[in-house]
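Chemist: What follows is upload_26.txt, made up of compact mmCIF, C-alpha atoms and all ligand atoms:
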```
# COMPACT_ATOMS: atom_id res chain seq x y z
CA MET A 2 -148.06 46.06 -116.17
CA ILE A 3 -149.61 44.01 -113.39
CA LEU A 4 -149.03 40.32 -114.04
CA SER A 5 -152.21 38.29 -113.78
CA ILE A 6 -152.34 35.33 -111.43
CA PHE A 7 -153.91 33.35 -114.31
CA ASP A 8 -150.90 33.72 -116.63
CA PRO A 9 -148.32 30.91 -116.59
CA MET A 10 -146.13 31.97 -113.72
CA LYS A 11 -142.83 33.53 -114.66
CA PHE A 12 -139.89 33.13 -112.33
CA ILE A 13 -136.29 34.21 -112.07
CA ALA A 14 -133.77 31.99 -110.31
CA LYS A 15 -130.71 33.95 -109.23
CA THR A 16 -127.33 32.29 -109.23
CA LEU A 17 -123.59 33.04 -109.16
CA HIS A 18 -121.51 34.19 -112.12
CA GLY A 19 -120.57 31.25 -114.35
CA LEU A 20 -123.20 28.86 -113.01
CA GLU A 21 -125.99 29.93 -115.41
CA PRO A 22 -125.52 26.90 -117.75
CA VAL A 23 -125.72 24.38 -114.91
CA LEU A 24 -128.78 26.10 -113.46
CA VAL A 25 -130.41 25.87 -116.91
CA GLN A 26 -129.70 22.13 -116.84
CA GLU A 27 -131.16 21.78 -113.34
CA LEU A 28 -134.32 23.63 -114.37
CA GLU A 29 -134.69 21.40 -117.45
CA GLU A 30 -134.49 18.36 -115.19
CA LEU A 31 -137.27 19.82 -113.00
CA GLY A 32 -139.49 20.31 -116.06
CA ALA A 33 -139.41 24.12 -116.21
CA LYS A 34 -140.62 25.80 -119.43
CA GLU A 35 -139.35 28.80 -121.44
CA ILE A 36 -135.92 28.61 -119.79
CA ARG A 37 -133.73 31.59 -120.62
CA PRO A 38 -130.23 32.25 -119.22
CA LEU A 39 -129.62 35.83 -118.04
CA LYS A 40 -126.72 37.45 -116.23
CA ARG A 41 -126.28 35.63 -112.89
CA ALA A 42 -129.86 34.40 -113.24
CA VAL A 43 -132.13 32.15 -115.29
CA ALA A 44 -135.72 33.04 -116.26
CA PHE A 45 -138.28 30.24 -116.51
CA GLU A 46 -141.98 29.47 -116.40
CA GLY A 47 -143.94 26.95 -114.43
CA ASP A 48 -146.64 26.42 -111.84
CA LYS A 49 -146.79 26.63 -108.09
CA ALA A 50 -145.49 23.07 -107.70
CA LEU A 51 -142.43 23.94 -109.77
CA LEU A 52 -141.77 27.01 -107.61
CA TYR A 53 -141.79 24.83 -104.49
CA GLN A 54 -139.53 22.23 -106.18
CA ALA A 55 -137.13 24.94 -107.35
CA ASN A 56 -136.67 26.18 -103.79
CA TYR A 57 -136.44 22.71 -102.25
CA GLN A 58 -134.22 21.05 -104.84
CA LEU A 59 -132.11 23.43 -106.94
CA ARG A 60 -128.41 23.21 -106.02
CA THR A 61 -127.01 26.19 -107.91
CA ALA A 62 -129.77 28.78 -107.32
CA ILE A 63 -129.47 31.23 -104.46
CA ARG A 64 -133.05 32.55 -104.59
CA VAL A 65 -136.16 32.32 -106.75
CA LEU A 66 -138.12 35.48 -107.54
CA ARG A 67 -141.65 35.80 -108.82
CA PRO A 68 -142.05 39.06 -110.80
CA ILE A 69 -145.49 40.56 -110.16
CA TYR A 70 -145.35 44.12 -111.44
CA HIS A 71 -143.46 45.96 -114.22
CA PHE A 72 -143.63 49.72 -114.61
CA VAL A 73 -141.68 52.73 -115.81
CA ALA A 74 -140.68 55.62 -113.50
CA ARG A 75 -138.20 58.42 -113.86
CA SER A 76 -138.66 60.35 -110.63
CA GLU A 77 -139.29 59.64 -106.95
CA ARG A 78 -142.84 60.97 -107.33
CA GLN A 79 -143.57 58.58 -110.20
CA LEU A 80 -142.01 55.69 -108.29
CA TYR A 81 -144.15 56.44 -105.21
CA HIS A 82 -147.29 56.78 -107.33
CA LYS A 83 -146.71 53.50 -109.24
CA ILE A 84 -146.04 51.52 -106.08
CA TYR A 85 -149.04 53.13 -104.33
CA SER A 86 -151.36 52.22 -107.21
CA TYR A 87 -150.66 48.45 -107.00
CA ASN A 88 -153.01 46.41 -104.80
CA TRP A 89 -150.60 44.99 -102.19
CA ALA A 90 -153.43 43.35 -100.24
CA MET A 91 -153.44 40.70 -103.02
CA HIS A 92 -150.22 39.36 -101.51
CA PHE A 93 -150.22 40.19 -97.81
CA ASP A 94 -152.16 41.83 -95.01
CA VAL A 95 -151.25 44.27 -92.21
CA LYS A 96 -150.45 41.44 -89.79
CA LYS A 97 -147.51 40.34 -91.94
CA THR A 98 -144.07 41.96 -91.67
CA PHE A 99 -142.26 42.87 -94.86
CA ALA A 100 -138.93 44.10 -96.23
CA ILE A 101 -137.65 45.29 -99.58
CA THR A 102 -134.32 44.58 -101.28
CA SER A 103 -133.31 46.48 -104.39
CA ASN A 104 -130.76 46.40 -107.21
CA VAL A 105 -130.53 49.66 -109.09
CA HIS A 106 -128.68 50.28 -112.38
CA SER A 107 -130.09 53.64 -113.42
CA SER A 108 -129.15 57.19 -114.29
CA PHE A 109 -132.50 58.35 -112.87
CA PHE A 110 -132.04 56.80 -109.43
CA ASN A 111 -128.67 56.78 -107.68
CA HIS A 112 -129.31 55.01 -104.41
CA SER A 113 -130.78 51.54 -104.17
CA LYS A 114 -131.58 52.05 -100.46
CA TYR A 115 -133.55 55.20 -101.28
CA VAL A 116 -135.61 53.35 -103.93
CA ALA A 117 -136.44 50.67 -101.34
CA LEU A 118 -137.34 53.34 -98.78
CA LYS A 119 -139.69 55.22 -101.14
CA ALA A 120 -141.38 51.98 -102.14
CA LYS A 121 -141.80 50.99 -98.49
CA ASP A 122 -143.43 54.36 -97.72
CA ALA A 123 -145.90 53.91 -100.60
CA ILE A 124 -146.88 50.40 -99.46
CA VAL A 125 -147.27 51.43 -95.80
CA ASP A 126 -149.31 54.51 -96.82
CA GLN A 127 -151.62 52.39 -98.98
CA PHE A 128 -152.40 49.97 -96.13
CA ARG A 129 -152.84 52.81 -93.61
CA ASN A 130 -155.14 54.84 -95.88
CA LYS A 131 -157.28 51.78 -96.68
CA SER A 132 -157.49 50.09 -93.28
CA GLY A 133 -156.16 52.55 -90.70
CA LYS A 134 -153.41 50.04 -89.85
CA ARG A 135 -149.93 49.53 -91.22
CA PRO A 136 -147.77 46.41 -91.63
CA SER A 137 -144.44 46.40 -89.81
CA ILE A 138 -140.99 46.21 -91.33
CA SER A 139 -138.69 43.36 -90.35
CA THR A 140 -135.27 43.37 -91.96
CA SER A 141 -134.04 40.15 -90.33
CA HIS A 142 -136.96 37.72 -90.82
CA PRO A 143 -139.72 39.38 -92.85
CA ASP A 144 -142.85 37.34 -93.64
CA VAL A 145 -142.87 38.86 -97.11
CA LEU A 146 -139.72 39.87 -98.95
CA LEU A 147 -140.01 42.07 -102.04
CA ASN A 148 -137.26 42.72 -104.54
CA ILE A 149 -137.14 45.78 -106.77
CA HIS A 150 -134.93 45.60 -109.84
CA VAL A 151 -134.33 48.86 -111.71
CA ASN A 152 -132.78 49.05 -115.15
CA GLU A 153 -132.70 52.74 -116.15
CA ASP A 154 -136.42 53.67 -115.89
CA GLU A 155 -137.80 50.12 -115.98
CA PHE A 156 -138.89 48.66 -112.67
CA THR A 157 -139.65 45.04 -111.89
CA VAL A 158 -141.11 44.24 -108.49
CA SER A 159 -140.88 40.59 -107.49
CA LEU A 160 -141.91 38.48 -104.55
CA ASP A 161 -138.83 36.70 -103.23
CA SER A 162 -140.05 33.14 -102.68
CA SER A 163 -136.91 31.98 -100.88
CA GLY A 164 -136.20 34.51 -98.13
CA GLU A 165 -132.89 33.20 -96.79
CA SER A 166 -130.36 32.54 -99.55
CA LEU A 167 -130.76 28.97 -100.78
CA HIS A 168 -127.03 28.29 -100.37
CA ARG A 169 -127.69 28.08 -96.63
CA ARG A 170 -128.52 24.40 -96.48
CA GLU A 171 -128.47 24.41 -92.64
CA TYR A 172 -126.76 21.01 -92.38
CA ARG A 173 -123.92 22.31 -90.21
CA ASP A 174 -122.82 25.02 -87.86
CA ILE A 175 -119.69 26.50 -89.37
CA GLY A 176 -118.99 29.04 -86.60
CA HIS A 177 -116.37 31.56 -87.75
CA ALA A 178 -114.91 29.43 -90.56
CA ALA A 179 -115.13 30.79 -94.11
CA PRO A 180 -116.09 27.83 -96.25
CA LEU A 181 -116.96 27.89 -99.94
CA ASN A 182 -120.49 28.98 -100.75
CA GLU A 183 -122.48 25.72 -100.98
CA ALA A 184 -124.14 26.71 -104.28
CA LEU A 185 -120.69 27.44 -105.72
CA ALA A 186 -119.36 24.06 -104.56
CA ALA A 187 -122.39 22.31 -106.10
CA GLY A 188 -121.87 24.25 -109.33
CA MET A 189 -118.20 23.27 -109.44
CA LEU A 190 -119.15 19.60 -109.13
CA LYS A 191 -121.65 19.99 -111.95
CA LEU A 192 -119.21 21.91 -114.19
CA ALA A 193 -116.66 19.12 -113.56
CA GLY A 194 -119.23 16.55 -114.70
CA TRP A 195 -118.91 14.68 -111.39
CA ASP A 196 -121.40 11.94 -110.72
CA LYS A 197 -121.39 9.32 -108.04
CA SER A 198 -119.82 6.69 -110.29
CA LYS A 199 -116.55 8.64 -109.92
CA PRO A 200 -114.55 8.68 -106.70
CA LEU A 201 -114.04 12.22 -105.43
CA LEU A 202 -111.13 13.51 -103.39
CA ASP A 203 -110.71 16.98 -101.89
CA ALA A 204 -107.19 16.94 -100.45
CA MET A 205 -107.53 20.49 -98.99
CA CYS A 206 -111.11 20.04 -97.83
CA GLY A 207 -111.21 22.52 -94.94
CA THR A 208 -114.70 22.22 -93.42
CA GLY A 209 -115.66 19.80 -96.23
CA THR A 210 -118.12 21.85 -98.31
CA ILE A 211 -117.25 20.19 -101.64
CA LEU A 212 -117.59 16.73 -100.08
CA PHE A 213 -120.90 17.51 -98.37
CA GLU A 214 -122.35 18.99 -101.55
CA ALA A 215 -121.18 15.88 -103.43
CA ALA A 216 -122.83 13.68 -100.79
CA MET A 217 -126.10 15.62 -101.12
CA MET A 218 -125.96 15.64 -104.92
CA GLY A 219 -124.88 12.02 -105.33
CA SER A 220 -127.58 10.79 -102.94
CA HIS A 221 -130.29 13.04 -104.45
CA THR A 222 -130.79 14.68 -101.06
CA PRO A 223 -132.80 17.88 -101.65
CA THR A 224 -130.91 21.05 -100.71
CA GLY A 225 -133.76 21.99 -98.37
CA TYR A 226 -133.76 18.62 -96.58
CA TYR A 227 -132.03 19.95 -93.43
CA LYS A 228 -133.58 23.42 -93.55
CA LYS A 229 -135.32 24.62 -90.40
CA GLU A 230 -136.13 28.17 -91.58
CA ARG A 231 -139.35 28.58 -93.53
CA TYR A 232 -139.20 29.55 -97.19
CA ASN A 233 -140.85 32.89 -97.78
CA PHE A 234 -143.46 31.40 -100.15
CA GLN A 235 -144.84 29.61 -97.05
CA ASN A 236 -146.05 33.03 -95.82
CA TRP A 237 -147.84 33.96 -99.03
CA ASN A 238 -151.64 34.19 -99.20
CA ASP A 239 -151.75 31.40 -101.80
CA TYR A 240 -149.45 28.96 -99.93
CA ASP A 241 -150.59 25.34 -100.35
CA ASP A 242 -149.09 23.29 -97.52
CA ASP A 243 -150.51 19.95 -98.78
CA LEU A 244 -148.81 20.52 -102.14
CA PHE A 245 -145.47 21.42 -100.51
CA GLN A 246 -145.56 18.39 -98.18
CA LYS A 247 -146.32 16.15 -101.19
CA ILE A 248 -143.38 17.61 -103.14
CA LYS A 249 -141.07 17.14 -100.17
CA ALA A 250 -142.17 13.54 -99.60
CA GLU A 251 -141.68 12.66 -103.29
CA ALA A 252 -138.21 14.22 -103.42
CA ASP A 253 -137.13 12.73 -100.06
CA ALA A 254 -138.18 9.24 -101.21
CA LYS A 255 -135.43 9.35 -103.87
CA ILE A 256 -132.56 9.72 -101.35
CA ASP A 257 -130.06 6.89 -101.87
CA TYR A 258 -126.55 6.96 -100.43
CA SER A 259 -125.32 3.81 -102.16
CA GLY A 260 -122.21 3.91 -104.32
CA LEU A 261 -120.73 7.14 -102.95
CA GLN A 262 -116.92 7.23 -102.62
CA LEU A 263 -115.83 10.53 -101.08
CA LYS A 264 -112.54 11.30 -99.46
CA GLY A 265 -111.02 14.41 -97.91
CA GLY A 266 -107.80 15.53 -96.32
CA ASP A 267 -106.48 18.74 -94.78
CA ASN A 268 -103.48 19.63 -92.66
CA ASN A 269 -105.41 21.93 -90.34
CA PRO A 270 -106.64 20.06 -87.24
CA THR A 271 -109.46 22.53 -86.49
CA ALA A 272 -110.90 22.28 -90.01
CA VAL A 273 -110.67 18.47 -89.94
CA LYS A 274 -112.38 18.39 -86.54
CA MET A 275 -115.25 20.53 -87.87
CA ALA A 276 -115.63 18.38 -90.98
CA LEU A 277 -115.62 15.17 -88.93
CA SER A 278 -118.19 16.52 -86.53
CA THR A 279 -120.54 17.38 -89.44
CA ILE A 280 -120.03 13.88 -90.87
CA GLN A 281 -121.01 12.41 -87.51
CA ASP A 282 -124.05 14.70 -87.10
CA LEU A 283 -125.32 13.78 -90.57
CA GLY A 284 -124.46 10.07 -90.25
CA PHE A 285 -122.29 10.24 -93.39
CA ASP A 286 -119.41 8.14 -91.96
CA ASP A 287 -120.12 5.21 -94.30
CA PHE A 288 -119.16 7.14 -97.43
CA ILE A 289 -117.08 10.19 -96.46
CA GLU A 290 -113.64 9.62 -95.00
CA ILE A 291 -111.51 12.56 -93.88
CA GLU A 292 -108.00 12.51 -92.50
CA ARG A 293 -105.59 15.09 -91.19
CA VAL A 294 -102.75 14.86 -93.66
CA PRO A 295 -100.77 17.29 -95.84
CA PHE A 296 -101.43 16.96 -99.56
CA LYS A 297 -97.97 15.61 -100.31
CA ARG A 298 -98.51 12.67 -97.94
CA HIS A 299 -102.10 11.97 -98.99
CA GLU A 300 -102.30 8.49 -100.46
CA PRO A 301 -105.18 8.39 -102.93
CA SER A 302 -107.28 5.33 -102.07
CA PHE A 303 -108.60 5.09 -105.64
CA GLU A 304 -106.77 4.41 -108.91
CA SER A 305 -108.42 7.38 -110.56
CA GLY A 306 -111.23 9.83 -110.05
CA ILE A 307 -111.82 13.53 -109.61
CA LEU A 308 -109.56 15.54 -107.34
CA MET A 309 -111.16 18.89 -106.57
CA MET A 310 -109.39 21.47 -104.46
CA ASN A 311 -109.86 25.00 -103.22
CA PRO A 312 -106.31 25.72 -101.99
CA PRO A 313 -105.41 28.91 -100.11
CA TYR A 314 -105.17 31.90 -102.46
CA GLY A 315 -102.76 33.82 -100.26
CA GLU A 316 -105.58 36.31 -99.44
CA ARG A 317 -107.36 35.28 -96.24
CA LEU A 318 -105.15 32.24 -95.58
CA GLN A 319 -101.57 33.43 -95.79
CA ILE A 320 -98.93 31.08 -97.20
CA ARG A 321 -95.26 32.09 -96.91
CA ASN A 322 -94.31 31.41 -100.55
CA ILE A 323 -97.51 31.07 -102.53
CA ASN A 324 -95.78 30.41 -105.88
CA ALA A 325 -93.69 27.59 -104.39
CA PHE A 326 -96.86 26.20 -102.75
CA TYR A 327 -98.68 26.01 -106.12
CA LYS A 328 -95.56 24.56 -107.78
CA GLU A 329 -95.58 21.82 -105.16
CA ILE A 330 -99.27 21.12 -105.94
CA GLY A 331 -98.31 20.65 -109.62
CA ASP A 332 -95.38 18.38 -108.73
CA ILE A 333 -97.58 16.19 -106.52
CA LEU A 334 -100.22 15.94 -109.27
CA LYS A 335 -97.57 14.81 -111.77
CA GLN A 336 -96.01 12.29 -109.40
CA GLN A 337 -99.03 10.80 -107.62
CA TYR A 338 -102.22 11.44 -109.59
CA THR A 339 -101.77 9.84 -113.00
CA GLY A 340 -105.20 8.92 -114.35
CA TRP A 341 -106.99 11.63 -112.33
CA ASP A 342 -108.77 14.79 -113.40
CA ALA A 343 -107.68 17.54 -111.04
CA TRP A 344 -109.95 20.60 -110.74
CA ILE A 345 -108.54 23.57 -108.90
CA ILE A 346 -110.22 26.88 -108.05
CA SER A 347 -108.14 29.90 -107.16
CA SER A 348 -108.17 33.68 -107.42
CA ASN A 349 -104.37 33.76 -107.51
CA PHE A 350 -103.78 33.59 -111.28
CA GLU A 351 -100.06 34.22 -110.95
CA ALA A 352 -99.58 31.41 -108.45
CA MET A 353 -101.73 29.08 -110.58
CA LYS A 354 -99.23 29.37 -113.42
CA ASN A 355 -96.69 27.69 -111.13
CA ILE A 356 -98.70 24.47 -111.19
CA GLY A 357 -96.81 23.97 -114.45
CA LEU A 358 -99.58 22.08 -116.25
CA ARG A 359 -101.72 23.22 -119.15
CA PRO A 360 -105.40 23.32 -118.15
CA SER A 361 -107.65 21.18 -120.37
CA LYS A 362 -110.74 23.19 -119.36
CA ARG A 363 -111.31 26.48 -117.57
CA HIS A 364 -114.21 28.46 -116.17
CA THR A 365 -114.39 31.87 -114.54
CA LEU A 366 -116.24 31.83 -111.23
CA PHE A 367 -116.50 34.19 -108.27
CA ASN A 368 -115.79 33.13 -104.71
CA GLY A 369 -117.55 36.03 -102.98
CA ALA A 370 -116.03 39.15 -104.56
CA LEU A 371 -112.91 37.30 -105.74
CA GLU A 372 -112.70 36.46 -109.42
CA CYS A 373 -111.41 32.90 -109.69
CA LYS A 374 -110.27 30.48 -112.33
CA PHE A 375 -111.63 26.97 -112.03
CA GLN A 376 -109.34 24.80 -114.13
CA ARG A 377 -109.06 21.15 -115.03
CA PHE A 378 -105.69 19.44 -115.29
CA SER A 379 -106.06 16.05 -116.93
CA MET A 380 -103.38 13.69 -115.68
CA TYR A 381 -103.56 11.25 -118.58
CA GLN A 382 -102.33 7.71 -118.23
CA GLY A 383 -99.74 6.55 -120.74
CA THR A 384 -96.05 6.91 -121.28
CA LYS A 385 -94.24 9.39 -119.09
CA LYS A 386 -93.76 11.65 -122.10
CA GLN A 387 -97.50 11.81 -122.87
CA LYS A 388 -98.62 11.92 -119.28
CA TRP A 389 -99.20 15.63 -118.94
CA ALA A 390 -98.90 18.81 -120.86
CA VAL A 391 -96.24 20.99 -119.29
CA ILE A 392 -96.42 24.70 -120.02
C1 LIG A 401 -109.57 27.82 -98.80
S1 LIG A 401 -109.47 26.60 -97.60
C2 LIG A 401 -110.59 25.36 -98.16
C3 LIG A 401 -111.98 25.66 -97.68
C4 LIG A 401 -112.93 24.54 -97.99
N1 LIG A 401 -113.20 24.43 -99.40
C5 LIG A 401 -114.23 24.73 -97.22
O1 LIG A 401 -115.28 24.89 -97.84
O2 LIG A 401 -114.18 24.77 -95.98
C6 LIG A 401 -107.93 25.86 -97.95
C7 LIG A 401 -107.61 24.69 -97.06
O3 LIG A 401 -106.36 24.14 -97.49
C8 LIG A 401 -105.72 23.61 -96.35
N2 LIG A 401 -104.30 23.41 -96.67
C9 LIG A 401 -103.35 24.35 -96.89
N3 LIG A 401 -102.17 23.77 -97.19
C10 LIG A 401 -102.38 22.42 -97.18
C11 LIG A 401 -101.56 21.30 -97.43
N4 LIG A 401 -100.28 21.43 -97.74
N5 LIG A 401 -102.11 20.08 -97.33
C12 LIG A 401 -103.42 19.93 -97.01
N6 LIG A 401 -104.25 20.96 -96.75
C13 LIG A 401 -103.74 22.19 -96.85
C14 LIG A 401 -105.99 24.65 -95.29
O4 LIG A 401 -105.84 24.09 -94.00
C15 LIG A 401 -107.43 25.05 -95.61
O5 LIG A 401 -108.34 24.31 -94.83
```
Please re-express this file's structure in C-alpha cells.
Ligand SMILES: C[S@@+](CC[C@H](N)C(=O)[O-])C[C@H]1O[C@@H](n2cnc3c(N)ncnc32)[C@H](O)[C@@H]1O
Modeler:
Amino acid sequence: MILSIFDPMKFIAKTLHGLEPVLVQELEELGAKEIRPLKRAVAFEGDKALLYQANYQLRTAIRVLRPIYHFVARSERQLYHKIYSYNWAMHFDVKKTFAITSNVHSSFFNHSKYVALKAKDAIVDQFRNKSGKRPSISTSHPDVLLNIHVNEDEFTVSLDSSGESLHRREYRDIGHAAPLNEALAAGMLKLAGWDKSKPLLDAMCGTGTILFEAAMMGSHTPTGYYKKERYNFQNWNDYDDDLFQKIKAEADAKIDYSGLQLKGGDNNPTAVKMALSTIQDLGFDDFIEIERVPFKRHEPSFESGILMMNPPYGERLQIRNINAFYKEIGDILKQQYTGWDAWIISSNFEAMKNIGLRPSKRHTLFNGALECKFQRFSMYQGTKKQKWAVI
C-alpha cells in the first residue's frame, strides 16, 4: 500500500526502552493526534509542522520516521519487485545521495544488511532505467535516509526525517568520555517528575549530562537549539524552510533560564573539567554549579530536592569493592539527605541491594545494551524511626 501524501501524515517516533510513556506525554504536549505507544517507539499523526516540531523539540525521541510504503514479500525476488515498483522520484532525484537502514524480524529473511542491499539495488536500477543516471550511496551523511522494517513478511519503508540520532544535541564535545545518552537522561528527569521548581543535584555527575538535560528542559531550550547538522527532512522535495524557521523562532522565544537550581559534584578531575568547560561554553554558570568533591563530602546546598545519580556499575568504571561502594551511598543518603528523593540508575542489581533502602518507585531502562534499574529512594522527613525504609 502506497500512502497518499493527502492522508493525515502518520509518523513513528523511536525511543529507548522504558521511555515510551514520557514520549507519549511529550507528543500530547506538542498536539499530536492518534498517539499510540509501541515497543521502543510511539506512533502518531500530524502535519508537516508537527514533524518539524517533533525533531526540533522532543527530548526522549531518538528519530522520527515517516512510513511511506507497506507491502508483503516472502522472497528476495518479491522484495526487489515491490521496491522497484514504487515511484522513488516522488521523494528524491539522482543528484541526492541516499542510504538504507533496516530492522528485520523474519523467518523469510535472515540478514538485515542483505534486505537493505536488495532494496538499494532496486532503487538504483529504477533511477538508471528511467533516466540513465543513478543516485549515489552515502553511508555517513546521506541526503535521504530510508528505513526498512520487516516483521515476518510485512515490510514498512519509511523516510527517516531525523538523520543523525536526536540524542546528539551537539552542545558539547565529549571526546572519548562515555556519558549517558542525552535522551535517556532527559527521560530519567521526566520519569522522576523533575521540574525546575525542584533543586537538582547529581553528586556523581561525570561530564554533566543529567544537569545539562535539566538545564535544557527547565529553560524550555529546544533539543535542536545547538544543532549544526541538518535534519534529513531538510533534504526532502517537500521541505518548507519558511515553516521550519517559523517553528524554530516560536520555540526559541520560550527559552527562560530563570529559577533553575542545578548542582553537580564528582571526584574525577578530568570529568569535572569537561563539565565546567561545557558550562562556560554554553554560558550556564549562573545556574549550574559543579565542584570536584567525593559524594561523602558533598554538602547539599538545598534543604531538599531531587538527587539523581548514575554511579559506576563496576563494568566500564572499575571500583575495588562495588558492594561496599553502594553500601556507602546508602549510608550517606540516610545520614545527609533527609527530605530528598534520591534516584539512582545502575545495571549492577546485586550492588544496588547494598544501598539498604527500599525503593519507593522503580523503572527498567537500558543504558546502551545494559539493562538498568532506575529506582527512587524517598528519604522522608520525620522521626529517625520513620525516616527511611530499611530492607
Ligand atoms: C557512570 S559515570 C557518570 C557519567 C555521567 N552521568 C555522564 O553523563 O557523564 C560515574 C561517575 O561517578 C564518579 N564517582 C565515582 N565515585 C565517586 C565518589 N565517591 N564521589 C563522587 N563521584 C564519584 C566517577 O568519577 C564518574 O564520573
Chemist: With segment 342-360 of chain A as the partner and 10 Å as the cut-off, tabulate the residues of segment 79-194 of chain A that qualify, each row holding the nearest pair of atoms and their distance in Å to one decimal, using only C-alpha atoms, sorted by chain and rising number, as a Markdown table.
Modeler:
```
| residue | atom | partner | partner_atom | distance |
| --- | --- | --- | --- | --- |
| A:Met189 | CA | A:Trp344 | CA | 8.8 |
| A:Leu190 | CA | A:Trp344 | CA | 9.4 |
| A:Leu192 | CA | A:Trp344 | CA | 10.0 |
| A:Ala193 | CA | A:Trp344 | CA | 7.4 |
```
Chemist: With a distance cut-off of 12 Å and all atoms listed in the file, select the neighbouring residues of Glu251 of chain A, excluding the residue or stretch itself and same-chain residues fewer than 6 positions from it, and output the selection as number ranges by chain.
Modeler: A: 50, 54, 57-58, 221-223, 226, 244-245
Chemist: Step by step, measure atom-to-atom distances between ligand LIG 401 (chain A) and each residue using all atoms listed in the file, keep those at most 9 Å, then write them as an MDAnalysis selection string.
Modeler: chainID A and resid 175 178:183 186 203:212 266:273 276 293:299 310:314 317:318 320 326 329:330 347
Chemist: Taking only C-alpha atoms into account, name the residue in A:Ala184, A:Glu372, A:Ser139, A:Ile291 that is nearest to Ser278 of chain A.
Modeler: A:Ile291
Chemist: Between A:Lys247, A:Arg377, A:Arg67, A:Lys228, which is the closest to Lys15 of chain A once you count all atoms listed in the file?
Modeler: A:Arg67
Chemist: With 5 Å of padding per side, what axis-aligned box (centre and edge lengths, Å, one decimal) covers all the listed atoms of segment 247-255 of chain A? Give it as AutoDock Vina command-line options.
Modeler:
```
--center_x -140.9 --center_y 13.4 --center_z -101.7 --size_x 20.9 --size_y 18.4 --size_z 14.3
```
Chemist: Between atom CA of Gly47 of chain A and atom CA of Ala33 of chain A, what is the distance, to one decimal in Å?
Modeler: 5.6 Å
Chemist: Given the choices A:Met275, A:Val105, A:Ile289, A:Ile307, which gets closest to Ser198 of chain A if the distance is worked out from all atoms listed in the file?
Modeler: A:Ile307
Chemist: Counting all atoms listed in the file, figure out which residue out of A:Gly188, A:Leu147, A:Ala74, A:Met309 gets nearest to Leu334 of chain A.
Modeler: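 Using all atoms listed in the file, the shortest distance to Leu334 of chain A belongs to A:Met309.
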Chemist: Provide the atom CA of Leu52 of chain A to atom CA of Ser86 of chain A distance in Å, to one decimal place.
Modeler: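 It comes out at 27.0 Å.
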Chemist: As an exercise, work out the distance from atom CA of Val95 of chain A to atom CA of Glu77 of chain A in Å and give it to one decimal place.
Modeler: 24.4 Å
Chemist: List the neighbours of Asp241 of chain A out to 10 Å using all atoms listed in the file; skip same-chain residues closer than 6 positions along the sequence, and give me the result as a PyMOL selection string.
Modeler: chain A and resi 49-50+53+234-235
Chemist: At a cut-off of 10 Å, using all atoms listed in the file, what residues contact Lys197 of chain A? Leave out same-chain residues fewer than 2 positions from it and give the result as a list in words.
Modeler: Trp195, Lys199, Pro200, Leu201, Ala215, Ala216, Met218, Gly219, Ser220, Tyr258, Ser259, Gly260, Leu261, Gln262 and Leu263 of chain A
Chemist: Identify which of the residues A:Tyr87, A:Pro68, A:Glu27, A:Glu300 lies closest to Met10 of chain A, counting all atoms listed in the file when measuring atom-to-atom distances.
Modeler: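 With all atoms listed in the file as the atom set, the closest residue is A:Pro68.
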Chemist: Residues within 7 Å of segment 157-173 of chain A, please, as a count of residues only. Count only C-alpha atoms; anything in the same chain fewer than 5 positions from it doesn't count.
Modeler: 29
Chemist: In terms of the shortest atom-to-atom distance over all atoms listed in the file, which of A:Ala42, A:Gly340, A:Lys34, A:Pro143 is closest to Thr16 of chain A?
Modeler: A:Ala42
Chemist: Excluding segment 21-23 of chain A and residues on its chain fewer than 2 positions from it, collect all residues at most 8 Å away from it, counting only C-alpha atoms, and give them as a PDB file with C-alpha atoms, keeping the file's coordinate frame.
Modeler:
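Below is the file that was written, around05.pdb:
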```
ATOM      1  CA  THR A  16    -127.330  32.290-109.230  1.00  0.00           C
ATOM      2  CA  LEU A  17    -123.590  33.040-109.160  1.00  0.00           C
ATOM      3  CA  HIS A  18    -121.510  34.190-112.120  1.00  0.00           C
ATOM      4  CA  GLY A  19    -120.570  31.250-114.350  1.00  0.00           C
ATOM      5  CA  VAL A  25    -130.410  25.870-116.910  1.00  0.00           C
ATOM      6  CA  GLN A  26    -129.700  22.130-116.840  1.00  0.00           C
ATOM      7  CA  GLU A  27    -131.160  21.780-113.340  1.00  0.00           C
ATOM      8  CA  PRO A  38    -130.230  32.250-119.220  1.00  0.00           C
ATOM      9  CA  LEU A  39    -129.620  35.830-118.040  1.00  0.00           C
ATOM     10  CA  LYS A  40    -126.720  37.450-116.230  1.00  0.00           C
ATOM     11  CA  ARG A  41    -126.280  35.630-112.890  1.00  0.00           C
ATOM     12  CA  ALA A  42    -129.860  34.400-113.240  1.00  0.00           C
ATOM     13  CA  VAL A  43    -132.130  32.150-115.290  1.00  0.00           C
ATOM     14  CA  THR A  61    -127.010  26.190-107.910  1.00  0.00           C
ATOM     15  CA  GLY A 188    -121.870  24.250-109.330  1.00  0.00           C
ATOM     16  CA  LYS A 191    -121.650  19.990-111.950  1.00  0.00           C
ATOM     17  CA  LEU A 192    -119.210  21.910-114.190  1.00  0.00           C
TER      18      LEU A 192
END
```
Chemist: Should you be able to, write segment 311-325 of chain A of this structure into a file that contains C-alpha atoms, as a short mmCIF file (atom, residue, chain, number, x, y, z; two decimals), in the first residue's frame.
Modeler:
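Generated file (part12.cif):
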```cif
data_model
loop_
_atom_site.label_atom_id
_atom_site.label_comp_id
_atom_site.auth_asym_id
_atom_site.auth_seq_id
_atom_site.Cartn_x
_atom_site.Cartn_y
_atom_site.Cartn_z
CA ASN A 311 24.45 7.39 37.66
CA PRO A 312 27.20 5.81 39.81
CA PRO A 313 29.79 3.42 38.37
CA TYR A 314 28.32 -0.04 37.76
CA GLY A 315 31.64 -1.84 38.09
CA GLU A 316 31.57 -2.54 34.30
CA ARG A 317 33.45 0.17 32.43
CA LEU A 318 34.48 2.12 35.54
CA GLN A 319 36.05 -0.38 37.91
CA ILE A 320 35.55 0.06 41.65
CA ARG A 321 37.57 -2.14 44.03
CA ASN A 322 34.64 -3.23 46.23
CA ILE A 323 31.44 -2.39 44.41
CA ASN A 324 29.12 -3.71 47.15
CA ALA A 325 30.86 -1.60 49.81
#
```
